[in-house]
Number of protein chains: 4
Amino acid sequence: MAGSSFGSHFQISTWGESHGKGIGVVVDGCPAGLSLCEADIQKFLNRRKPGQSRYATPRKEDDKVEILSGVFEGQTTGTPISLAVFNENQRSRDYGEIASYYRPGHADYTFDQKYGFRDYRGGGRSSGRETIGRVAGGAIAIKILEQLGISFFTYTRAIGAITIPQSANDLLSNYKEAQEQTLANPLYMPDADSSQKAQDYLEECMKNTDSAGGIIEGIITGVPAGIGEPVFDKLDANLAKAIFSIGAVKGFEIGDGFLAASATGSKSNDHFSMQDGQVTAVTNHAGGILGGISSGAPIIFRAAVKPTPSIAATQQTVNKSGETISISIHGRHDPIIVPRAVVVVESMAALTLLDLMLENMSSQMDYLKNFYPSNK
Amino acid sequence: MAGSSFGSHFQISTWGESHGKGIGVVVDGCPAGLSLCEADIQKFLNRRKPGQSRYATPRKEDDKVEILSGVFEGQTTGTPISLAVFNENQRSRDYGEIASYYRPGHADYTFDQKYGFRDYRGGGRSSGRETIGRVAGGAIAIKILEQLGISFFTYTRAIGAITIPQSANDLLSNYKEAQEQTLANPLYMPDADSSQKAQDYLEECMKNTDSAGGIIEGIITGVPAGIGEPVFDKLDANLAKAIFSIGAVKGFEIGDGFLAASATGSKSNDHFSMQDGQVTAVTNHAGGILGGISSGAPIIFRAAVKPTPSIAATQQTVNKSGETISISIHGRHDPIIVPRAVVVVESMAALTLLDLMLENMSSQMDYLKNFYPSNK
Amino acid sequence: MAGSSFGSHFQISTWGESHGKGIGVVVDGCPAGLSLCEADIQKFLNRRKPGQSRYATPRKEDDKVEILSGVFEGQTTGTPISLAVFNENQRSRDYGEIASYYRPGHADYTFDQKYGFRDYRGGGRSSGRETIGRVAGGAIAIKILEQLGISFFTYTRAIGAITIPQSANDLLSNYKEAQEQTLANPLYMPDADSSQKAQDYLEECMKNTDSAGGIIEGIITGVPAGIGEPVFDKLDANLAKAIFSIGAVKGFEIGDGFLAASATGSKSNDHFSMQDGQVTAVTNHAGGILGGISSGAPIIFRAAVKPTPSIAATQQTVNKSGETISISIHGRHDPIIVPRAVVVVESMAALTLLDLMLENMSSQMDYLKNFYPSNK
Amino acid sequence: MAGSSFGSHFQISTWGESHGKGIGVVVDGCPAGLSLCEADIQKFLNRRKPGQSRYATPRKEDDKVEILSGVFEGQTTGTPISLAVFNENQRSRDYGEIASYYRPGHADYTFDQKYGFRDYRGGGRSSGRETIGRVAGGAIAIKILEQLGISFFTYTRAIGAITIPQSANDLLSNYKEAQEQTLANPLYMPDADSSQKAQDYLEECMKNTDSAGGIIEGIITGVPAGIGEPVFDKLDANLAKAIFSIGAVKGFEIGDGFLAASATGSKSNDHFSMQDGQVTAVTNHAGGILGGISSGAPIIFRAAVKPTPSIAATQQTVNKSGETISISIHGRHDPIIVPRAVVVVESMAALTLLDLMLENMSSQMDYLKNFYPSNK
């Protein structure tokens, strides 16, 4: 098990800590011949960069990516692509206080229990900055998938109790406009009204030195039927792991998700019919996956994200001397991480899907015979 | 990627189809010196066996397990443990009709798309019988974990809209009694009242030739702090994959789960205090996991299970000739699979936890020095 | 790490002990749509079966294989193929003596050190019977590769100091005849003269209650250029592991092998020329692999096999009470295992090659675009 | 399969090309609490650095390593260690000629066949510079193993036909002196006489614009009994893969190696006796491994390295236009790579051994009970 690697065919291995020399990722298994430059990756990193709105930390981080290997004359070579974002200023500021106690809702205590000590500067490896490597790798996966006709649309479905009224199906029927609106929205919400309410709610949270959570929804279209392995490496199982491996995610569902538990079979089953010569699901309660394998219908999933644990409000905790103490966490923290996490969710979904699409290329004997014809 | 293998250290590889010669599992990486016999495994298989109540298929399947390798003189040898449940009667009955169309809510269509054809007898590899291998492997994992002081309590939280009123914390405070009541309950529900209402609801579903879904909750106690890898192989991420790999699961959450999305940080963070010389979380919104690593608090998770897709009510679908047709699925199907799936969820959780506990044994340099002292 | 699994795409997981209930293998990742029956596998198992000549143990073992899953209506389904050879008579004979001491050249001592105890009946898991699972899995790999135009020719190059005079190139120029002669030869040697001398040598070994070793050579033809990954999963590196994982192998080489160490670059490099419009290596010192990747030339490799460690001659060893003692191992042991190991070597080579051929299917972006065209 | 990753528990993932921005490695699974600084790694890199003698390329490469992550306050944190050697001058010189044809003995042709094109600058990914990542990762493995009492001694056994007269056992009896002499020798040979003859031979090769190969031998002492998995992940099998994955290696053997093929069982078996209360092998034909598991005796292995393929002598090859041409490769090439490869072999052996030692920590139930005692 390589705790910092993800994927079997298209594999990423991430490294780096919040306040170390940098953050990076090695992408192995990328097919040769993909045209790739830093701008392809930077545009995804910019979506998770801080400072995009007043609801994200005002810390200035440019997060400029460098390609260190694996690309020659503008094309991927088939060998590992090493990507790095070097930290501009590794401040040797005093972290003494944070080093001495365990912040509630953070991984301080569990890291100490696991490793005996921890890099406490800005959360070290457990910082959200770790996701830079995921997004950089995901950007490449998305570029590949786009060339295969697959599109991703990921957005904020809910912030606190404010949920957009549109269903995923509604948004699909108005795909392009909804996507543009989302990318232009400071909270990555595809509904102006909800966005305004959410901003009011966030202002109140900030006034109360508190923080907020929310729900991210993703839609993947253009996925051919047949992707996913039938038992443990189901497409939905691997998506669940991928999304749940993002810090702060506390729930994941596909299609009707938890609502399916209270439905009946006659309401939950998606009937099939022939449309344009294609077997088509009339409804999409399943979220595009049956028995762990894509059906050709849009894949729809949701992730629940907990509120930012770093809050200025007074909290009780324990210090390393074993004393119960009161703390208040200062610094420039995001009152909500949901908007910045949208692109991380999208990246992890793309990495998962691409990996299973590569796996699927050897699922039938005829595929092998077509691929190696000169040898018959 | 081995689609039918799960785990890195304690690994299971399952095989078999619903109506083939049998179902089995190879367990690799089991430590030597565990006392093991068939009865240890059979008692778990009996919990998923059909025919335990009128809310499960009345098909008669004994599901008697045989140990084919890996155990010598009553002890595991450290080498692969091969377990098999041979099917008693492989009926050569006529499956012609089912072979010709795609059942809604089933994997018929997606298997055909992936593999070009499918073993249509009773669902083949996509049948719920595939989980026999998981439960057999899980039984061994649970036996090991019990010897390390770890306990599993898994039960039906909801059937349809009927939810037990007790929280996981309530049940924990009354652990032994709740567990006994659950094992004696035909729906594996720890609340008699809810169970009665659920049975009424199921009777109605059956009358309507319809089916029901529900929610399974699991509590794991005694897990030491420090289990789980910090980035991709987080304990919650691997649990999410494990549980989501069970057919019919549509949602998964840890601790407060989706509710965390609408909470604020001050409500969602679990404060720490010293109790009996131990750092202890005062509340457990996190469900026992912080930053992907266990904190020592009970691990609490839930899975949403969709209604059984096989229903006798008329449904529309497509046949292999590309015609839209109406069907009604007959046969002895479970009106609900939740009660039988409880032990499957428990098994997958145990396999996940044990695997990460083995991984954790090399997380500190001091552990290596203690383990290999003669060589210093 | 799964100690009893091999391969990433086409993966085998073996189980079973010499004197347990049986030996088996689960093959995962086999493409759907391969026609497969038990006879396809049995013919390979028959080549490793005891009792084929007076130079193999006269123990009667039929080693009859059963397909337990993964094949439907004569075709592989894409899901795990479970294969088993059940032991006919599990004799409860007395193994007391062998249990009490460590046989020189065997794994008795190392198993005890690793696991605390061992299944001592016939060597348990470390018995040569473990290779049944490899040959059964290899038979499927070979059947697939044959359909892609790839052929295997594996034979005994040397027994003791008796080496066939023909080079691999000589045999290639007379392929069909050499292969037929080999399959008909009791020692699987492609040279009648050498075979006779080897038999004389073996008779002498047997008279002296001693045993013999030898060298196995394999030639793989029809392998397209481009197979193998450039760094750690080189085709030759994976072959080396595959062949070295067979008990009793002590050396492995590709092409000129150890002779290359004393050659000069001008003698060792294979020049290229155009032949029939194809880039062709004029010589084949490299054994068909450059930089870990197949060049299209025949792949040629050799494995050194040590003498059977079970000999009736008196040997000194230690018993479990820590006493130095003298022993003499009786029973029906092979005076040489080389002839029976030929098919094991061939099987492991096939498993390695197929696995890397599947990996190679996603090495170029154009391959993905061709495979998923409907999505562009 | 991740072609550029090695190891399951202690895993390295390498990246980089000869003339790209740099070469690096991500080390995942390193236990926390190892004291580590750049100098620990640099001393190993210096052993493979060019320019150490007149028998290596005079190219000036400092190969200065930087630790980019995973170390905090001088200790490893348990999270990925990213190491990089940035190239000082990426010359934009003209590689036009080399780009247009396939050098004999190199991977030019096979890379083009696999990926459709290649980074031809200095061999790109197939360059020997790729081994920088292996040595950097190996340095950490060796530092860990030293703390567990394990030592490595690796040296040049032969250059061309000149072989040192001492056996591995001879060198072991004079360990310290032999090791010091080796590290001081320009060819890493532990015998002054042989070294002189080898230098004469190399001068002659250079005069003839030719190159030489050789044999590297490694001895590992202090390895506890019980390391290695019994079937596919045998210690010798994984060593074979590790060593064979180094470019230019054409043969690998353990203990008596190919000589075992012509021995008899009575000569090949190592008898056991009790020495100082320990079961001890009286001889070491096996090279310290029985049934794939370490016996406690020194592990002894050899690798055959082919002559450097880049030679100035005229060679025939094919260009990309499909013409047969004559070439002569100029530039500052090593007339022999064996001395610089010694530390690469040592690194790969250490990575293999450490990985299996971590795996072994969960081989017995008692080990788990000792490790997790608070939970009983």
# chains A, B, ... in the order shown; residues from 1 in each chain; ligands from 1
call {"tool": "interface_residues", "arguments": {"of": "chain A", "to": "chain C", "cutoff": "7 Å", "atoms": "only C-alpha atoms", "output": "NGL selection string"}}
result
:A and (31-34 or 78 or 147-149 or 222 or 358 or 362-365 or 369 or 372 or 375-376)
call {"tool": "residues_around", "arguments": {"residues": "segment 325-342 of chain A", "least_positions_apart": "2", "cutoff": "9 Å", "atoms": "only C-alpha atoms", "output": "tab-separated table (two decimals) with N, CA and C atoms, in the first residue's frame"}}
result
chain	number	residue	atom	x	y	z
A	47	ARG	N	-8.44	27.46	-9.99
A	47	ARG	CA	-9.78	27.30	-9.41
A	47	ARG	C	-9.73	26.93	-7.92
A	48	ARG	N	-8.61	26.40	-7.44
A	48	ARG	CA	-8.51	26.08	-6.01
A	48	ARG	C	-7.65	27.08	-5.24
A	49	LYS	N	-7.04	28.00	-5.94
A	49	LYS	CA	-6.17	29.01	-5.36
A	49	LYS	C	-6.93	29.85	-4.34
A	50	PRO	N	-6.28	30.26	-3.27
A	50	PRO	CA	-6.97	31.14	-2.32
A	50	PRO	C	-7.14	32.53	-2.91
A	52	GLN	N	-9.78	34.02	-4.15
A	52	GLN	CA	-10.69	34.27	-5.26
A	52	GLN	C	-11.94	35.04	-4.85
A	54	ARG	N	-14.07	36.85	-1.02
A	54	ARG	CA	-13.87	37.18	0.39
A	54	ARG	C	-14.25	36.00	1.29
A	55	TYR	N	-14.71	34.89	0.67
A	55	TYR	CA	-15.06	33.71	1.48
A	55	TYR	C	-13.95	32.66	1.45
A	56	ALA	N	-12.80	33.09	1.01
A	56	ALA	CA	-11.63	32.21	1.05
A	56	ALA	C	-10.50	32.97	1.73
A	57	THR	N	-9.54	32.22	2.25
A	57	THR	CA	-8.42	32.86	2.93
A	57	THR	C	-7.78	33.91	2.02
A	58	PRO	N	-7.44	35.07	2.58
A	58	PRO	CA	-6.78	36.10	1.77
A	58	PRO	C	-5.28	35.86	1.61
A	59	ARG	N	-4.79	34.72	2.11
A	59	ARG	CA	-3.36	34.44	1.93
A	59	ARG	C	-3.00	34.53	0.44
A	98	ILE	N	0.70	26.46	18.31
A	98	ILE	CA	-0.01	25.39	17.60
A	98	ILE	C	0.69	24.04	17.77
A	101	TYR	N	-0.54	22.06	21.19
A	101	TYR	CA	-1.86	21.49	21.50
A	101	TYR	C	-2.50	20.87	20.26
A	103	ARG	N	-5.60	20.86	17.82
A	103	ARG	CA	-6.76	21.63	17.37
A	103	ARG	C	-7.96	20.69	17.13
A	131	THR	N	-3.84	19.04	-1.62
A	131	THR	CA	-4.70	18.77	-2.79
A	131	THR	C	-4.17	19.40	-4.07
A	154	THR	N	-18.99	20.30	-12.18
A	154	THR	CA	-18.98	20.13	-10.72
A	154	THR	C	-19.28	21.47	-10.10
A	155	TYR	N	-20.09	21.48	-9.06
A	155	TYR	CA	-20.56	22.76	-8.51
A	155	TYR	C	-20.99	22.59	-7.07
A	156	THR	N	-21.22	23.72	-6.44
A	156	THR	CA	-21.71	23.74	-5.06
A	156	THR	C	-23.23	23.57	-5.06
A	159	ILE	N	-24.75	25.23	0.65
A	159	ILE	CA	-23.86	25.81	1.67
A	159	ILE	C	-24.71	25.95	2.91
A	186	PRO	N	-18.73	33.32	-7.29
A	186	PRO	CA	-17.67	33.25	-6.26
A	186	PRO	C	-17.77	31.99	-5.40
A	187	LEU	N	-18.94	31.39	-5.33
A	187	LEU	CA	-19.11	30.16	-4.53
A	187	LEU	C	-19.24	28.92	-5.42
A	188	TYR	N	-19.02	29.09	-6.72
A	188	TYR	CA	-19.18	27.99	-7.69
A	188	TYR	C	-20.58	27.37	-7.60
A	189	MET	N	-21.57	28.26	-7.42
A	189	MET	CA	-22.96	27.82	-7.36
A	189	MET	C	-23.63	28.16	-8.69
A	202	LEU	N	-22.83	33.11	5.02
A	202	LEU	CA	-21.38	33.10	5.31
A	202	LEU	C	-20.96	34.36	6.06
A	205	CYS	N	-21.79	33.72	9.58
A	205	CYS	CA	-20.80	32.79	10.17
A	205	CYS	C	-19.53	33.55	10.53
A	206	MET	N	-19.06	34.38	9.62
A	206	MET	CA	-17.81	35.10	9.84
A	206	MET	C	-17.94	36.07	11.01
A	209	THR	N	-17.44	34.46	14.20
A	209	THR	CA	-16.16	33.73	14.22
A	209	THR	C	-16.41	32.23	14.09
A	210	ASP	N	-17.32	31.88	13.19
A	210	ASP	CA	-17.65	30.47	12.98
A	210	ASP	C	-17.40	30.13	11.50
A	211	SER	N	-17.69	28.91	11.11
A	211	SER	CA	-17.42	28.48	9.74
A	211	SER	C	-18.57	27.63	9.23
A	212	ALA	N	-18.55	27.33	7.92
A	212	ALA	CA	-19.68	26.64	7.29
A	212	ALA	C	-19.21	25.46	6.44
A	213	GLY	N	-20.14	24.54	6.19
A	213	GLY	CA	-19.89	23.41	5.30
A	213	GLY	C	-20.82	23.44	4.11
A	214	GLY	N	-20.92	22.33	3.39
A	214	GLY	CA	-21.80	22.33	2.24
A	214	GLY	C	-21.75	21.02	1.47
A	215	ILE	N	-22.40	21.02	0.32
A	215	ILE	CA	-22.48	19.81	-0.51
A	215	ILE	C	-22.01	20.16	-1.93
A	216	ILE	N	-21.15	19.31	-2.45
A	216	ILE	CA	-20.66	19.46	-3.83
A	216	ILE	C	-21.30	18.37	-4.67
A	217	GLU	N	-21.76	18.74	-5.86
A	217	GLU	CA	-22.35	17.75	-6.76
A	217	GLU	C	-21.55	17.71	-8.05
A	218	GLY	N	-21.39	16.54	-8.60
A	218	GLY	CA	-20.67	16.39	-9.86
A	218	GLY	C	-21.49	15.62	-10.87
A	246	ILE	N	-10.53	13.06	0.22
A	246	ILE	CA	-10.33	14.51	0.37
A	246	ILE	C	-10.68	14.87	1.81
A	248	ALA	N	-12.09	16.47	5.07
A	248	ALA	CA	-13.33	17.20	5.36
A	248	ALA	C	-14.57	16.58	4.71
A	305	VAL	N	-19.34	18.10	2.75
A	305	VAL	CA	-18.09	18.68	3.27
A	305	VAL	C	-18.38	19.35	4.60
A	306	LYS	N	-17.61	19.00	5.60
A	306	LYS	CA	-17.86	19.57	6.94
A	306	LYS	C	-17.35	21.01	7.00
A	307	PRO	N	-17.79	21.78	7.99
A	307	PRO	CA	-17.31	23.16	8.13
A	307	PRO	C	-15.81	23.19	8.41
A	308	THR	N	-15.13	24.24	7.98
A	308	THR	CA	-13.71	24.44	8.28
A	308	THR	C	-13.49	24.29	9.79
A	310	SER	N	-10.90	25.21	11.56
A	310	SER	CA	-10.17	26.34	12.16
A	310	SER	C	-11.11	27.51	12.37
A	311	ILE	N	-11.48	27.76	13.61
A	311	ILE	CA	-12.36	28.90	13.90
A	311	ILE	C	-11.76	29.71	15.03
A	312	ALA	N	-12.09	31.01	15.03
A	312	ALA	CA	-11.54	31.90	16.06
A	312	ALA	C	-12.32	31.79	17.37
A	313	ALA	N	-13.50	31.24	17.31
A	313	ALA	CA	-14.29	31.07	18.54
A	313	ALA	C	-13.53	30.20	19.54
A	314	THR	N	-13.76	30.46	20.81
A	314	THR	CA	-13.06	29.72	21.86
A	314	THR	C	-13.46	28.24	21.84
A	315	GLN	N	-12.45	27.38	21.94
A	315	GLN	CA	-12.71	25.95	21.98
A	315	GLN	C	-11.89	25.31	23.10
A	316	GLN	N	-12.35	24.18	23.56
A	316	GLN	CA	-11.62	23.45	24.61
A	316	GLN	C	-10.79	22.35	23.94
A	317	THR	N	-9.58	22.19	24.41
A	317	THR	CA	-8.77	21.08	23.90
A	317	THR	C	-7.73	20.68	24.94
A	318	VAL	N	-6.78	19.90	24.50
A	318	VAL	CA	-5.76	19.33	25.39
A	318	VAL	C	-4.40	19.69	24.81
A	319	ASN	N	-3.45	20.01	25.69
A	319	ASN	CA	-2.10	20.26	25.17
A	319	ASN	C	-1.20	19.04	25.40
A	323	GLU	N	-2.87	18.76	29.66
A	323	GLU	CA	-3.77	19.67	30.37
A	323	GLU	C	-4.92	20.06	29.45
A	344	VAL	N	-11.23	20.11	-6.64
A	344	VAL	CA	-10.56	18.93	-6.10
A	344	VAL	C	-11.44	17.69	-6.30
A	345	VAL	N	-12.74	17.87	-6.03
A	345	VAL	CA	-13.69	16.77	-6.26
A	345	VAL	C	-13.67	16.37	-7.74
A	346	GLU	N	-13.71	17.36	-8.60
A	346	GLU	CA	-13.70	17.09	-10.05
A	346	GLU	C	-12.43	16.33	-10.45
A	347	SER	N	-11.31	16.74	-9.89
A	347	SER	CA	-10.04	16.09	-10.21
A	347	SER	C	-10.03	14.63	-9.77
B	273	SER	N	-10.72	16.52	25.83
B	273	SER	CA	-10.40	16.73	27.25
B	273	SER	C	-9.63	15.51	27.74
call {"tool": "select_by_dssp", "arguments": {"residues": "segment 110-310 of chain B", "states": "strand (DSSP E)", "output": "PyMOL selection string"}}
result
chain B and resi 151-159+162-163+214-221+249-254+272-275+278-281+289-290+293-294+299-305
call {"tool": "write_last_selection", "arguments": {"atoms": "N, CA and C atoms", "output": "compact mmCIF listing (two decimals), in the first residue's frame"}}
result
# COMPACT_ATOMS: atom_id res chain seq x y z
N SER B 151 -14.31 -4.58 18.68
CA SER B 151 -15.65 -5.16 18.53
C SER B 151 -16.45 -4.48 17.45
N PHE B 152 -17.30 -5.24 16.81
CA PHE B 152 -18.18 -4.73 15.76
C PHE B 152 -19.64 -4.88 16.19
N PHE B 153 -20.39 -3.83 15.95
CA PHE B 153 -21.83 -3.89 16.19
C PHE B 153 -22.48 -3.22 14.98
N THR B 154 -23.19 -4.02 14.21
CA THR B 154 -23.76 -3.54 12.96
C THR B 154 -25.24 -3.91 12.96
N TYR B 155 -26.08 -3.02 12.49
CA TYR B 155 -27.53 -3.23 12.61
C TYR B 155 -28.28 -2.41 11.59
N THR B 156 -29.55 -2.71 11.48
CA THR B 156 -30.44 -1.98 10.59
C THR B 156 -30.90 -0.71 11.29
N ARG B 157 -30.51 0.45 10.74
CA ARG B 157 -30.97 1.72 11.33
C ARG B 157 -32.35 2.09 10.80
N ALA B 158 -32.57 1.81 9.52
CA ALA B 158 -33.85 2.22 8.92
C ALA B 158 -34.27 1.23 7.85
N ILE B 159 -35.61 1.07 7.74
CA ILE B 159 -36.20 0.32 6.63
C ILE B 159 -37.27 1.23 6.06
N ILE B 162 -38.93 4.12 8.12
CA ILE B 162 -38.96 3.80 9.56
C ILE B 162 -37.53 3.71 10.11
N THR B 163 -37.20 4.63 11.00
CA THR B 163 -35.85 4.74 11.54
C THR B 163 -35.89 4.49 13.04
N GLY B 214 -33.19 0.51 2.82
CA GLY B 214 -32.97 0.89 4.21
C GLY B 214 -31.56 1.38 4.45
N ILE B 215 -31.27 1.58 5.73
CA ILE B 215 -29.95 2.10 6.12
C ILE B 215 -29.33 1.16 7.15
N ILE B 216 -28.06 0.84 6.94
CA ILE B 216 -27.31 0.00 7.88
C ILE B 216 -26.30 0.89 8.59
N GLU B 217 -26.20 0.71 9.91
CA GLU B 217 -25.23 1.49 10.68
C GLU B 217 -24.24 0.54 11.35
N GLY B 218 -22.99 0.96 11.41
CA GLY B 218 -21.97 0.15 12.06
C GLY B 218 -21.21 0.95 13.11
N ILE B 219 -20.89 0.29 14.21
CA ILE B 219 -20.08 0.90 15.26
C ILE B 219 -18.89 -0.02 15.50
N ILE B 220 -17.70 0.53 15.47
CA ILE B 220 -16.50 -0.26 15.79
C ILE B 220 -15.86 0.35 17.03
N THR B 221 -15.70 -0.44 18.05
CA THR B 221 -15.10 0.06 19.30
C THR B 221 -13.77 -0.64 19.57
N VAL B 249 -25.57 -0.56 -2.55
CA VAL B 249 -25.25 0.59 -1.69
C VAL B 249 -25.20 1.85 -2.55
N LYS B 250 -25.91 2.87 -2.13
CA LYS B 250 -25.98 4.13 -2.89
C LYS B 250 -25.46 5.32 -2.11
N GLY B 251 -25.16 5.14 -0.81
CA GLY B 251 -24.66 6.26 -0.02
C GLY B 251 -23.85 5.75 1.16
N PHE B 252 -22.90 6.57 1.60
CA PHE B 252 -22.05 6.21 2.73
C PHE B 252 -21.71 7.47 3.50
N GLU B 253 -21.74 7.39 4.82
CA GLU B 253 -21.31 8.55 5.60
C GLU B 253 -20.66 8.12 6.91
N ILE B 254 -19.83 9.02 7.43
CA ILE B 254 -19.09 8.80 8.67
C ILE B 254 -19.53 9.86 9.68
N PHE B 272 -11.59 18.29 22.81
CA PHE B 272 -10.83 17.25 23.51
C PHE B 272 -10.79 17.57 25.01
N SER B 273 -10.72 16.52 25.83
CA SER B 273 -10.40 16.73 27.25
C SER B 273 -9.63 15.51 27.74
N MET B 274 -9.00 15.65 28.89
CA MET B 274 -8.28 14.51 29.47
C MET B 274 -9.27 13.70 30.29
N GLN B 275 -9.35 12.39 30.03
CA GLN B 275 -10.20 11.51 30.83
C GLN B 275 -9.42 10.25 31.15
N GLN B 278 -6.24 9.96 29.45
CA GLN B 278 -6.29 9.78 28.00
C GLN B 278 -6.86 11.01 27.31
N VAL B 279 -6.29 11.42 26.22
CA VAL B 279 -6.92 12.44 25.39
C VAL B 279 -8.21 11.85 24.83
N THR B 280 -9.32 12.54 25.08
CA THR B 280 -10.62 11.97 24.72
C THR B 280 -11.47 13.03 24.04
N ALA B 281 -12.15 12.62 22.97
CA ALA B 281 -13.08 13.53 22.31
C ALA B 281 -14.36 13.57 23.14
N ILE B 289 -12.81 9.43 13.38
CA ILE B 289 -11.72 9.55 12.40
C ILE B 289 -11.41 11.03 12.15
N LEU B 290 -10.16 11.41 12.26
CA LEU B 290 -9.72 12.79 11.99
C LEU B 290 -8.56 12.76 11.01
N ILE B 293 -7.41 9.30 10.01
CA ILE B 293 -6.74 8.43 10.98
C ILE B 293 -7.63 8.29 12.22
N SER B 294 -7.72 7.08 12.75
CA SER B 294 -8.58 6.84 13.92
C SER B 294 -8.08 7.63 15.12
N ILE B 299 -15.81 4.28 16.00
CA ILE B 299 -16.01 4.60 14.58
C ILE B 299 -17.46 4.30 14.24
N ILE B 300 -18.14 5.29 13.67
CA ILE B 300 -19.57 5.18 13.39
C ILE B 300 -19.82 5.55 11.94
N PHE B 301 -20.48 4.64 11.22
CA PHE B 301 -20.72 4.91 9.80
C PHE B 301 -22.07 4.34 9.38
N ARG B 302 -22.57 4.82 8.26
CA ARG B 302 -23.87 4.38 7.75
C ARG B 302 -23.81 4.13 6.25
N ALA B 303 -24.61 3.17 5.80
CA ALA B 303 -24.70 2.88 4.37
C ALA B 303 -26.16 2.86 3.95
N ALA B 304 -26.47 3.52 2.85
CA ALA B 304 -27.83 3.50 2.30
C ALA B 304 -27.93 2.38 1.27
N VAL B 305 -28.95 1.54 1.43
CA VAL B 305 -29.15 0.40 0.54
C VAL B 305 -30.44 0.59 -0.24
